[in-house]
>>> print(open('model.pdb').read())   # PDB, C-alpha atoms
ATOM      1  CA  MET A  16     -16.477 -75.123 -10.645  1.00  0.00           C
ATOM      2  CA  ARG A  17     -13.079 -76.699  -9.825  1.00  0.00           C
ATOM      3  CA  SER A  18     -11.935 -76.152 -13.428  1.00  0.00           C
ATOM      4  CA  ARG A  19     -12.415 -72.409 -13.070  1.00  0.00           C
ATOM      5  CA  MET A  20     -10.275 -72.048  -9.886  1.00  0.00           C
ATOM      6  CA  PRO A  21      -6.852 -72.362 -11.650  1.00  0.00           C
ATOM      7  CA  MET A  22      -7.930 -69.668 -14.110  1.00  0.00           C
ATOM      8  CA  LEU A  23      -8.994 -67.246 -11.353  1.00  0.00           C
ATOM      9  CA  ALA A  24      -5.868 -67.651  -9.233  1.00  0.00           C
ATOM     10  CA  PRO A  25      -3.482 -65.660 -11.484  1.00  0.00           C
ATOM     11  CA  LEU A  26      -6.059 -62.888 -11.826  1.00  0.00           C
ATOM     12  CA  LEU A  27      -6.482 -62.610  -8.040  1.00  0.00           C
ATOM     13  CA  GLN A  28      -2.726 -62.562  -7.570  1.00  0.00           C
ATOM     14  CA  ARG A  29      -2.313 -59.639  -9.968  1.00  0.00           C
ATOM     15  CA  GLN A  30      -5.072 -57.661  -8.200  1.00  0.00           C
ATOM     16  CA  VAL A  31      -3.417 -58.179  -4.804  1.00  0.00           C
ATOM     17  CA  GLU A  32      -0.052 -57.020  -6.143  1.00  0.00           C
ATOM     18  CA  ALA A  33      -1.635 -53.917  -7.680  1.00  0.00           C
ATOM     19  CA  ALA A  34      -3.345 -53.025  -4.404  1.00  0.00           C
ATOM     20  CA  GLU A  35      -0.141 -53.294  -2.319  1.00  0.00           C
ATOM     21  CA  PRO A  36       1.855 -50.023  -1.961  1.00  0.00           C
ATOM     22  CA  SER A  37       5.098 -49.927  -3.804  1.00  0.00           C
ATOM     23  CA  CYS A  38       8.263 -49.881  -1.704  1.00  0.00           C
ATOM     24  CA  ALA A  39      10.433 -48.523  -4.495  1.00  0.00           C
ATOM     25  CA  PRO A  40      12.082 -45.151  -3.753  1.00  0.00           C
ATOM     26  CA  VAL A  41      10.420 -42.140  -5.314  1.00  0.00           C
ATOM     27  CA  SER A  42      12.724 -39.948  -7.336  1.00  0.00           C
ATOM     28  CA  SER A  43      12.617 -36.161  -7.278  1.00  0.00           C
ATOM     29  CA  SER A  44      11.245 -36.093 -10.797  1.00  0.00           C
ATOM     30  CA  ASP A  45       8.401 -38.397  -9.785  1.00  0.00           C
ATOM     31  CA  GLU A  46       7.687 -36.196  -6.771  1.00  0.00           C
ATOM     32  CA  ALA A  47       7.581 -33.143  -8.972  1.00  0.00           C
ATOM     33  CA  LYS A  48       5.115 -34.851 -11.276  1.00  0.00           C
ATOM     34  CA  ARG A  49       2.915 -35.970  -8.398  1.00  0.00           C
ATOM     35  CA  SER A  50       2.885 -32.658  -6.485  1.00  0.00           C
ATOM     36  CA  PRO A  51       3.687 -29.769  -8.804  1.00  0.00           C
ATOM     37  CA  LEU A  52       1.871 -27.284  -6.556  1.00  0.00           C
ATOM     38  CA  LEU A  53       3.975 -28.227  -3.551  1.00  0.00           C
ATOM     39  CA  ILE A  54       7.204 -27.925  -5.510  1.00  0.00           C
ATOM     40  CA  GLY A  55       6.055 -24.564  -6.882  1.00  0.00           C
ATOM     41  CA  GLU A  56       5.408 -23.270  -3.374  1.00  0.00           C
ATOM     42  CA  LYS A  57       8.898 -24.333  -2.277  1.00  0.00           C
ATOM     43  CA  ARG A  58      10.464 -22.595  -5.258  1.00  0.00           C
ATOM     44  CA  THR A  59       8.427 -19.445  -4.671  1.00  0.00           C
ATOM     45  CA  ALA A  60       9.402 -19.259  -1.013  1.00  0.00           C
ATOM     46  CA  ALA A  61      13.029 -19.843  -1.897  1.00  0.00           C
ATOM     47  CA  THR A  62      13.137 -17.064  -4.507  1.00  0.00           C
ATOM     48  CA  MET A  63      10.973 -14.390  -2.889  1.00  0.00           C
ATOM     49  CA  LEU A  64      13.253 -13.788   0.095  1.00  0.00           C
ATOM     50  CA  PRO A  65      16.427 -13.083  -1.925  1.00  0.00           C
ATOM     51  CA  ARG A  66      14.466 -10.780  -4.242  1.00  0.00           C
ATOM     52  CA  PHE A  67      13.146  -8.844  -1.271  1.00  0.00           C
ATOM     53  CA  PHE A  68      16.615  -8.331   0.152  1.00  0.00           C
ATOM     54  CA  ASP A  69      17.938  -7.350  -3.281  1.00  0.00           C
ATOM     55  CA  LYS A  70      15.290  -4.636  -3.647  1.00  0.00           C
ATOM     56  CA  ALA A  71      15.804  -3.412  -0.093  1.00  0.00           C
ATOM     57  CA  THR A  72      19.566  -3.248  -0.602  1.00  0.00           C
ATOM     58  CA  ALA A  73      19.164  -1.364  -3.874  1.00  0.00           C
ATOM     59  CA  ALA A  74      16.828   1.117  -2.167  1.00  0.00           C
ATOM     60  CA  VAL A  75      19.337   1.787   0.624  1.00  0.00           C
ATOM     61  CA  LEU A  76      22.264   2.111  -1.796  1.00  0.00           C
ATOM     62  CA  LEU A  77      20.324   4.776  -3.672  1.00  0.00           C
ATOM     63  CA  TRP A  78      20.439   6.902  -0.514  1.00  0.00           C
ATOM     64  CA  PHE A  79      24.205   7.236  -0.930  1.00  0.00           C
ATOM     65  CA  GLU A  80      24.294   7.414  -4.705  1.00  0.00           C
ATOM     66  CA  GLN A  81      21.507  10.012  -4.978  1.00  0.00           C
ATOM     67  CA  PRO A  82      20.594  11.490  -1.563  1.00  0.00           C
ATOM     68  CA  LYS A  83      17.891  13.453  -3.322  1.00  0.00           C
ATOM     69  CA  VAL A  84      15.650  10.423  -2.926  1.00  0.00           C
ATOM     70  CA  LEU A  85      15.586  10.996   0.836  1.00  0.00           C
ATOM     71  CA  LEU A  86      14.109  14.448   0.288  1.00  0.00           C
ATOM     72  CA  LEU A  87      11.083  12.841  -1.353  1.00  0.00           C
ATOM     73  CA  SER A  88      10.509  10.329   1.449  1.00  0.00           C
ATOM     74  CA  PRO A  89       8.508  12.754   3.656  1.00  0.00           C
ATOM     75  CA  ILE A  90       5.821  12.819   0.953  1.00  0.00           C
ATOM     76  CA  GLN A  91       5.395   9.049   1.235  1.00  0.00           C
ATOM     77  CA  VAL A  92       5.457   9.278   5.031  1.00  0.00           C
ATOM     78  CA  THR A  93       2.757  11.969   4.962  1.00  0.00           C
ATOM     79  CA  PHE A  94       0.498   9.815   2.819  1.00  0.00           C
ATOM     80  CA  GLY A  95       0.832   6.884   5.217  1.00  0.00           C
ATOM     81  CA  VAL A  96       0.258   9.036   8.313  1.00  0.00           C
ATOM     82  CA  CYS A  97      -2.788  10.802   6.841  1.00  0.00           C
ATOM     83  CA  ALA A  98      -4.273   7.501   5.686  1.00  0.00           C
ATOM     84  CA  SER A  99      -3.957   6.193   9.248  1.00  0.00           C
ATOM     85  CA  LEU A 100      -5.390   9.431  10.631  1.00  0.00           C
ATOM     86  CA  LEU A 101      -8.405   9.126   8.349  1.00  0.00           C
ATOM     87  CA  GLY A 102      -8.902   5.468   9.149  1.00  0.00           C
ATOM     88  CA  TYR A 103      -8.517   5.684  12.915  1.00  0.00           C
ATOM     89  CA  GLN A 104      -9.909   9.100  13.869  1.00  0.00           C
ATOM     90  CA  VAL A 105     -12.375   9.943  11.096  1.00  0.00           C
ATOM     91  CA  THR A 106     -13.749   6.515  10.181  1.00  0.00           C
ATOM     92  CA  GLY A 107     -12.999   4.590  13.353  1.00  0.00           C
ATOM     93  CA  THR A 108     -14.089   7.282  15.825  1.00  0.00           C
ATOM     94  CA  TRP A 109     -16.196  10.042  14.296  1.00  0.00           C
ATOM     95  CA  VAL A 110     -18.246   7.960  11.868  1.00  0.00           C
ATOM     96  CA  LYS A 111     -18.663   5.154  14.375  1.00  0.00           C
ATOM     97  CA  ASN A 112     -19.885   7.469  17.147  1.00  0.00           C
ATOM     98  CA  ALA A 113     -22.093   9.676  14.981  1.00  0.00           C
ATOM     99  CA  PHE A 114     -23.727   6.853  13.029  1.00  0.00           C
ATOM    100  CA  SER A 115     -23.552   3.898  15.383  1.00  0.00           C
ATOM    101  CA  ARG A 116     -26.137   1.816  13.535  1.00  0.00           C
ATOM    102  CA  ASP A 117     -24.991   2.386   9.979  1.00  0.00           C
ATOM    103  CA  TYR A 118     -21.364   3.329  10.502  1.00  0.00           C
ATOM    104  CA  VAL A 119     -20.085   0.358   8.482  1.00  0.00           C
ATOM    105  CA  VAL A 120     -22.108   1.338   5.409  1.00  0.00           C
ATOM    106  CA  ILE A 121     -21.369   5.052   5.766  1.00  0.00           C
ATOM    107  CA  GLY A 122     -17.675   4.411   6.397  1.00  0.00           C
ATOM    108  CA  SER A 123     -17.465   2.218   3.330  1.00  0.00           C
ATOM    109  CA  MET A 124     -19.219   4.814   1.170  1.00  0.00           C
ATOM    110  CA  MET A 125     -16.936   7.582   2.415  1.00  0.00           C
ATOM    111  CA  SER A 126     -13.859   5.443   1.831  1.00  0.00           C
ATOM    112  CA  ALA A 127     -15.062   4.842  -1.719  1.00  0.00           C
ATOM    113  CA  LEU A 128     -15.218   8.626  -2.118  1.00  0.00           C
ATOM    114  CA  VAL A 129     -11.441   8.747  -1.624  1.00  0.00           C
ATOM    115  CA  ALA A 130     -10.801   6.318  -4.466  1.00  0.00           C
ATOM    116  CA  LEU A 131     -13.409   7.985  -6.691  1.00  0.00           C
ATOM    117  CA  THR A 132     -11.904  11.431  -6.152  1.00  0.00           C
ATOM    118  CA  ALA A 133      -8.405  10.158  -6.856  1.00  0.00           C
ATOM    119  CA  ALA A 134      -9.559   8.470 -10.061  1.00  0.00           C
ATOM    120  CA  LEU A 135     -11.506  11.451 -11.396  1.00  0.00           C
ATOM    121  CA  LEU A 136      -8.686  13.891 -10.708  1.00  0.00           C
ATOM    122  CA  GLN A 137      -6.202  11.941 -12.814  1.00  0.00           C
ATOM    123  CA  ILE A 138      -7.565  13.522 -16.009  1.00  0.00           C
ATOM    124  CA  PRO A 139      -7.197  17.204 -14.983  1.00  0.00           C
ATOM    125  CA  PHE A 140      -3.928  16.408 -13.186  1.00  0.00           C
ATOM    126  CA  LYS A 141      -2.523  14.943 -16.382  1.00  0.00           C
ATOM    127  CA  TYR A 142      -3.504  18.075 -18.298  1.00  0.00           C
ATOM    128  CA  VAL A 143      -1.947  20.393 -15.711  1.00  0.00           C
ATOM    129  CA  ALA A 144       1.252  18.323 -15.568  1.00  0.00           C
ATOM    130  CA  SER A 145       1.680  18.506 -19.342  1.00  0.00           C
ATOM    131  CA  HIS A 146       1.267  22.301 -19.397  1.00  0.00           C
ATOM    132  CA  SER A 147       2.654  23.507 -16.053  1.00  0.00           C
ATOM    133  CA  GLY A 148       4.792  20.644 -14.811  1.00  0.00           C
ATOM    134  CA  LYS A 149       4.455  18.391 -11.797  1.00  0.00           C
ATOM    135  CA  ALA A 150       5.547  20.887  -9.140  1.00  0.00           C
ATOM    136  CA  PRO A 151       2.137  22.624  -8.733  1.00  0.00           C
ATOM    137  CA  LEU A 152       0.390  19.275  -8.411  1.00  0.00           C
ATOM    138  CA  MET A 153       2.841  18.027  -5.794  1.00  0.00           C
ATOM    139  CA  LEU A 154       2.212  21.156  -3.745  1.00  0.00           C
ATOM    140  CA  VAL A 155      -1.541  20.711  -4.147  1.00  0.00           C
ATOM    141  CA  GLY A 156      -1.325  17.131  -2.890  1.00  0.00           C
ATOM    142  CA  CYS A 157       0.795  18.025   0.145  1.00  0.00           C
ATOM    143  CA  SER A 158      -1.487  20.981   0.904  1.00  0.00           C
ATOM    144  CA  ALA A 159      -4.505  18.670   0.813  1.00  0.00           C
ATOM    145  CA  PHE A 160      -2.882  16.419   3.404  1.00  0.00           C
ATOM    146  CA  MET A 161      -2.154  19.450   5.572  1.00  0.00           C
ATOM    147  CA  ALA A 162      -5.719  20.751   5.238  1.00  0.00           C
ATOM    148  CA  LEU A 163      -7.069  17.343   6.276  1.00  0.00           C
ATOM    149  CA  SER A 164      -4.829  17.361   9.342  1.00  0.00           C
ATOM    150  CA  VAL A 165      -5.886  20.900  10.292  1.00  0.00           C
ATOM    151  CA  LEU A 166      -9.570  19.953  10.021  1.00  0.00           C
ATOM    152  CA  VAL A 167      -9.045  17.033  12.368  1.00  0.00           C
ATOM    153  CA  LEU A 168      -7.139  19.289  14.767  1.00  0.00           C
ATOM    154  CA  VAL A 169      -9.769  22.036  15.005  1.00  0.00           C
ATOM    155  CA  ALA A 170     -12.816  19.746  14.955  1.00  0.00           C
ATOM    156  CA  PRO A 171     -14.447  18.740  18.251  1.00  0.00           C
ATOM    157  CA  GLU A 172     -13.592  15.506  19.983  1.00  0.00           C
ATOM    158  CA  THR A 173     -16.993  13.914  19.374  1.00  0.00           C
ATOM    159  CA  LEU A 174     -19.456  14.452  16.555  1.00  0.00           C
ATOM    160  CA  HIS A 175     -23.187  13.890  16.261  1.00  0.00           C
ATOM    161  CA  ALA A 176     -25.322  13.197  13.230  1.00  0.00           C
ATOM    162  CA  SER A 177     -25.946  16.592  11.659  1.00  0.00           C
ATOM    163  CA  ALA A 178     -25.436  18.551   8.467  1.00  0.00           C
ATOM    164  CA  GLN A 179     -22.191  19.994   9.815  1.00  0.00           C
ATOM    165  CA  THR A 180     -20.899  16.510  10.539  1.00  0.00           C
ATOM    166  CA  TRP A 181     -21.694  15.397   7.007  1.00  0.00           C
ATOM    167  CA  GLY A 182     -19.892  18.437   5.618  1.00  0.00           C
ATOM    168  CA  LEU A 183     -16.831  17.826   7.785  1.00  0.00           C
ATOM    169  CA  LEU A 184     -16.661  14.148   6.853  1.00  0.00           C
ATOM    170  CA  PHE A 185     -17.075  14.898   3.161  1.00  0.00           C
ATOM    171  CA  ALA A 186     -14.263  17.470   3.338  1.00  0.00           C
ATOM    172  CA  CYS A 187     -11.920  15.033   5.097  1.00  0.00           C
ATOM    173  CA  TYR A 188     -12.447  12.210   2.626  1.00  0.00           C
ATOM    174  CA  PHE A 189     -12.321  14.564  -0.350  1.00  0.00           C
ATOM    175  CA  LEU A 190      -9.000  16.055   0.778  1.00  0.00           C
ATOM    176  CA  GLN A 191      -7.571  12.581   1.260  1.00  0.00           C
ATOM    177  CA  GLY A 192      -8.715  11.768  -2.279  1.00  0.00           C
ATOM    178  CA  VAL A 193      -6.915  14.841  -3.637  1.00  0.00           C
ATOM    179  CA  GLY A 194      -3.746  13.833  -1.842  1.00  0.00           C
ATOM    180  CA  ARG A 195      -4.068  10.274  -3.044  1.00  0.00           C
ATOM    181  CA  ALA A 196      -4.498  11.440  -6.644  1.00  0.00           C
ATOM    182  CA  CYS A 197      -1.192  13.244  -6.331  1.00  0.00           C
ATOM    183  CA  TYR A 198       0.455  10.287  -4.590  1.00  0.00           C
ATOM    184  CA  GLU A 199      -0.688   7.608  -7.027  1.00  0.00           C
ATOM    185  CA  GLY A 200      -0.098   9.580 -10.233  1.00  0.00           C
ATOM    186  CA  THR A 201       2.116  12.648 -10.103  1.00  0.00           C
ATOM    187  CA  ASN A 202       4.296  11.424  -7.255  1.00  0.00           C
ATOM    188  CA  LYS A 203       5.276   8.175  -8.963  1.00  0.00           C
ATOM    189  CA  ALA A 204       5.802   9.917 -12.283  1.00  0.00           C
ATOM    190  CA  LEU A 205       8.105  12.329 -10.449  1.00  0.00           C
ATOM    191  CA  TYR A 206      10.254   9.432  -9.248  1.00  0.00           C
ATOM    192  CA  ALA A 207      10.558   8.186 -12.812  1.00  0.00           C
ATOM    193  CA  ASP A 208      11.720  11.658 -13.908  1.00  0.00           C
ATOM    194  CA  PHE A 209      14.169  12.146 -11.048  1.00  0.00           C
ATOM    195  CA  PHE A 210      15.718   8.666 -11.231  1.00  0.00           C
ATOM    196  CA  PRO A 211      15.462   7.412 -14.834  1.00  0.00           C
ATOM    197  CA  ASN A 212      18.384   5.009 -14.410  1.00  0.00           C
ATOM    198  CA  ASN A 213      17.335   3.648 -11.005  1.00  0.00           C
ATOM    199  CA  THR A 214      13.573   3.398 -11.242  1.00  0.00           C
ATOM    200  CA  SER A 215      13.359   0.041  -9.458  1.00  0.00           C
ATOM    201  CA  ALA A 216      15.366   1.246  -6.455  1.00  0.00           C
ATOM    202  CA  ALA A 217      13.464   4.554  -6.457  1.00  0.00           C
ATOM    203  CA  PHE A 218      10.060   2.867  -6.355  1.00  0.00           C
ATOM    204  CA  SER A 219      11.340   0.576  -3.610  1.00  0.00           C
ATOM    205  CA  ASN A 220      11.981   3.700  -1.546  1.00  0.00           C
ATOM    206  CA  ILE A 221       8.320   4.660  -1.974  1.00  0.00           C
ATOM    207  CA  VAL A 222       7.251   1.309  -0.564  1.00  0.00           C
ATOM    208  CA  LEU A 223       9.732   1.459   2.309  1.00  0.00           C
ATOM    209  CA  ALA A 224       8.818   4.978   3.431  1.00  0.00           C
ATOM    210  CA  ASN A 225       5.066   4.510   3.081  1.00  0.00           C
ATOM    211  CA  GLY A 226       5.110   1.077   4.686  1.00  0.00           C
ATOM    212  CA  PHE A 227       7.178   2.283   7.648  1.00  0.00           C
ATOM    213  CA  ALA A 228       4.886   5.277   8.234  1.00  0.00           C
ATOM    214  CA  SER A 229       1.688   3.246   7.907  1.00  0.00           C
ATOM    215  CA  ALA A 230       2.889   0.496  10.239  1.00  0.00           C
ATOM    216  CA  THR A 231       4.158   2.946  12.851  1.00  0.00           C
ATOM    217  CA  SER A 232       0.939   4.972  12.778  1.00  0.00           C
ATOM    218  CA  PHE A 233      -1.155   1.822  13.032  1.00  0.00           C
ATOM    219  CA  PHE A 234       0.488   0.840  16.313  1.00  0.00           C
ATOM    220  CA  VAL A 235       1.042   4.323  17.811  1.00  0.00           C
ATOM    221  CA  PHE A 236      -2.156   6.229  16.959  1.00  0.00           C
ATOM    222  CA  PRO A 237      -4.486   4.204  19.222  1.00  0.00           C
ATOM    223  CA  SER A 238      -2.528   5.471  22.230  1.00  0.00           C
ATOM    224  CA  LEU A 239      -2.518   9.142  21.128  1.00  0.00           C
ATOM    225  CA  HIS A 240      -5.032  11.928  21.505  1.00  0.00           C
ATOM    226  CA  LYS A 241      -6.759  13.349  18.438  1.00  0.00           C
ATOM    227  CA  ASP A 242      -4.758  16.556  18.599  1.00  0.00           C
ATOM    228  CA  ALA A 243      -1.478  14.663  18.833  1.00  0.00           C
ATOM    229  CA  MET A 244      -2.321  12.591  15.769  1.00  0.00           C
ATOM    230  CA  ALA A 245      -3.348  15.658  13.783  1.00  0.00           C
ATOM    231  CA  THR A 246      -0.234  17.579  14.864  1.00  0.00           C
ATOM    232  CA  THR A 247       1.956  14.691  13.738  1.00  0.00           C
ATOM    233  CA  ALA A 248       0.312  14.754  10.310  1.00  0.00           C
ATOM    234  CA  ILE A 249       0.694  18.548  10.071  1.00  0.00           C
ATOM    235  CA  VAL A 250       4.412  18.318  10.858  1.00  0.00           C
ATOM    236  CA  CYS A 251       4.879  15.561   8.271  1.00  0.00           C
ATOM    237  CA  ALA A 252       3.057  17.586   5.601  1.00  0.00           C
ATOM    238  CA  SER A 253       5.095  20.703   6.391  1.00  0.00           C
ATOM    239  CA  VAL A 254       8.382  18.801   6.191  1.00  0.00           C
ATOM    240  CA  ALA A 255       7.205  17.161   2.947  1.00  0.00           C
ATOM    241  CA  ILE A 256       6.569  20.536   1.289  1.00  0.00           C
ATOM    242  CA  ILE A 257       9.937  21.955   2.325  1.00  0.00           C
ATOM    243  CA  CYS A 258      11.900  18.857   1.356  1.00  0.00           C
ATOM    244  CA  TYR A 259      10.133  18.564  -1.983  1.00  0.00           C
ATOM    245  CA  MET A 260      10.894  22.160  -2.911  1.00  0.00           C
ATOM    246  CA  PHE A 261      14.559  21.589  -2.088  1.00  0.00           C
ATOM    247  CA  ALA A 262      14.601  18.342  -4.107  1.00  0.00           C
ATOM    248  CA  GLU A 263      12.996  20.126  -7.061  1.00  0.00           C
ATOM    249  CA  TYR A 264      15.645  22.847  -6.814  1.00  0.00           C
ATOM    250  CA  LEU A 265      18.465  20.290  -6.834  1.00  0.00           C
ATOM    251  CA  HIS A 266      16.937  18.430  -9.773  1.00  0.00           C
ATOM    252  CA  ARG A 267      16.597  21.562 -11.890  1.00  0.00           C
ATOM    253  CA  ARG A 268      20.076  22.699 -10.946  1.00  0.00           C
ATOM    254  CA  VAL A 269      21.700  19.596 -12.420  1.00  0.00           C
TER     255      VAL A 269
END
>>> encode(input="model.pdb", output="structure tokens")
Amino acid sequence: MRSRMPMLAPLLQRQVEAAEPSCAPVSSSDEAKRSPLLIGEKRTAATMLPRFFDKATAAVLLWFEQPKVLLLSPIQVTFGVCASLLGYQVTGTWVKNAFSRDYVVIGSMMSALVALTAALLQIPFKYVASHSGKAPLMLVGCSAFMALSVLVLVAPETLHASAQTWGLLFACYFLQGVGRACYEGTNKALYADFFPNNTSAAFSNIVLANGFASATSFFVFPSLHKDAMATTAIVCASVAIICYMFAEYLHRRV
């Protein structure tokens, strides 16, 4: 037994040294190897902010280089306002009050109708755009937003579960789908045609205008009456139609 103790001592010493934490400084390369996810997050956070400001600056500079882009902004504002109108008044108030038990399911199904309508209309919209241009489709989209706003304006304050309610809800979501089909397809293709050399800055203007309108409507609409919300959307749609026609005239004139 005593003869084995000298043999076990070096082995125990090595195990103790391996278990003790190392006091040597850790280099940046070692840290990167040990925590690549953490380093990646730091790099992402450090690069995203300058890119955001670069895109925002390019979008604002385009206002001065080609003011025509400002004439298209009301279309993006109208889409954001009508989306908020549909979400707050139609889904959040009418559907919830008329179908209190199943309003979540019905609201989800109706919201899916918007996306389905927008997707199905891309095929005929593409055909019309190739034969008659994008102008008729842009007017159709803006008119759909206006029709949605008018329906909300003339409809009663509260709705009950009935065939008329189903028809009104279907019309509202369908019109929003028509407008969205124009917004997602024809509208963005129009920006590419109008600003072929500044597409990145042009698309940034879409995000800025739509984001500003959606955020403002989200905070303001809960404090407004139904008629005030609908009137706001009608004004936006009217301004969008007028500004677009003027922008189309300037583009064809060049």
>>> residues_around(input="model.pdb", residues="Met161 of chain A", least_positions_apart="4", cutoff="9 Å", atoms="all atoms listed in the file", output="ChimeraX atom specification")
/A:93,97,156-157,165-166,248-253
>>> residues_around(input="model.pdb", residues="Ala73 of chain A", least_positions_apart="5", cutoff="12 Å", atoms="all atoms listed in the file", output="MDAnalysis selection string")
chainID A and resid 66:68 78:81 213:220 223
>>> closest_residue(input="model.pdb", among="A:Leu87, A:Leu77, A:Leu163, A:Trp181", to="Gly122 of chain A", atoms="only C-alpha atoms")
A:Trp181
>>> resolve_selection(input="model.pdb", expression="the PyMOL selection byres ((chain A and resi 149-151) around 10)", output="count of residues only")
21
>>> closest_residue(input="model.pdb", among="A:Pro237, A:Gly107, A:Gly95, A:Pro82", to="Gln191 of chain A", atoms="only C-alpha atoms")
A:Gly95
>>> closest_residue(input="model.pdb", among="A:Leu131, A:Leu85, A:Cys187, A:Ile121", to="Phe261 of chain A", atoms="all atoms listed in the file")
A:Leu85
>>> closest_residue(input="model.pdb", among="A:Thr132, A:Ser164, A:Thr106, A:Ser99", to="Ser232 of chain A", atoms="all atoms listed in the file")
A:Ser99
>>> atom_distance(input="model.pdb", atom1="atom CA of Pro211 of chain A", atom2="atom CA of Ile138 of chain A")
23.9 Å
>>> resolve_selection(input="model.pdb", expression="the PyMOL selection byres ((chain A and resi 112) around 12)", output="MDAnalysis selection string")
chainID A and resid 104:111 113:119 121:122 172:176 180
>>> write_last_selection(input="model.pdb", atoms="C-alpha atoms", output="PDB file, keeping the file's coordinate frame")
ATOM      1  CA  GLN A 104      -9.909   9.100  13.869  1.00  0.00           C
ATOM      2  CA  VAL A 105     -12.375   9.943  11.096  1.00  0.00           C
ATOM      3  CA  THR A 106     -13.749   6.515  10.181  1.00  0.00           C
ATOM      4  CA  GLY A 107     -12.999   4.590  13.353  1.00  0.00           C
ATOM      5  CA  THR A 108     -14.089   7.282  15.825  1.00  0.00           C
ATOM      6  CA  TRP A 109     -16.196  10.042  14.296  1.00  0.00           C
ATOM      7  CA  VAL A 110     -18.246   7.960  11.868  1.00  0.00           C
ATOM      8  CA  LYS A 111     -18.663   5.154  14.375  1.00  0.00           C
ATOM      9  CA  ALA A 113     -22.093   9.676  14.981  1.00  0.00           C
ATOM     10  CA  PHE A 114     -23.727   6.853  13.029  1.00  0.00           C
ATOM     11  CA  SER A 115     -23.552   3.898  15.383  1.00  0.00           C
ATOM     12  CA  ARG A 116     -26.137   1.816  13.535  1.00  0.00           C
ATOM     13  CA  ASP A 117     -24.991   2.386   9.979  1.00  0.00           C
ATOM     14  CA  TYR A 118     -21.364   3.329  10.502  1.00  0.00           C
ATOM     15  CA  VAL A 119     -20.085   0.358   8.482  1.00  0.00           C
ATOM     16  CA  ILE A 121     -21.369   5.052   5.766  1.00  0.00           C
ATOM     17  CA  GLY A 122     -17.675   4.411   6.397  1.00  0.00           C
ATOM     18  CA  GLU A 172     -13.592  15.506  19.983  1.00  0.00           C
ATOM     19  CA  THR A 173     -16.993  13.914  19.374  1.00  0.00           C
ATOM     20  CA  LEU A 174     -19.456  14.452  16.555  1.00  0.00           C
ATOM     21  CA  HIS A 175     -23.187  13.890  16.261  1.00  0.00           C
ATOM     22  CA  ALA A 176     -25.322  13.197  13.230  1.00  0.00           C
ATOM     23  CA  THR A 180     -20.899  16.510  10.539  1.00  0.00           C
TER      24      THR A 180
END
>>> closest_residue(input="model.pdb", among="A:Asn212, A:Ala71, A:Leu190, A:Ala245", to="Val169 of chain A", atoms="all atoms listed in the file")
A:Ala245
>>> closest_residue(input="model.pdb", among="A:Thr231, A:Tyr264, A:Asn225, A:Thr246", to="Pro89 of chain A", atoms="all atoms listed in the file")
A:Asn225
>>> atom_distance(input="model.pdb", atom1="atom CA of Ala186 of chain A", atom2="atom CA of Ala228 of chain A")
23.2 Å
>>> atom_distance(input="model.pdb", atom1="atom CA of Pro171 of chain A", atom2="atom CA of Phe189 of chain A")
19.2 Å
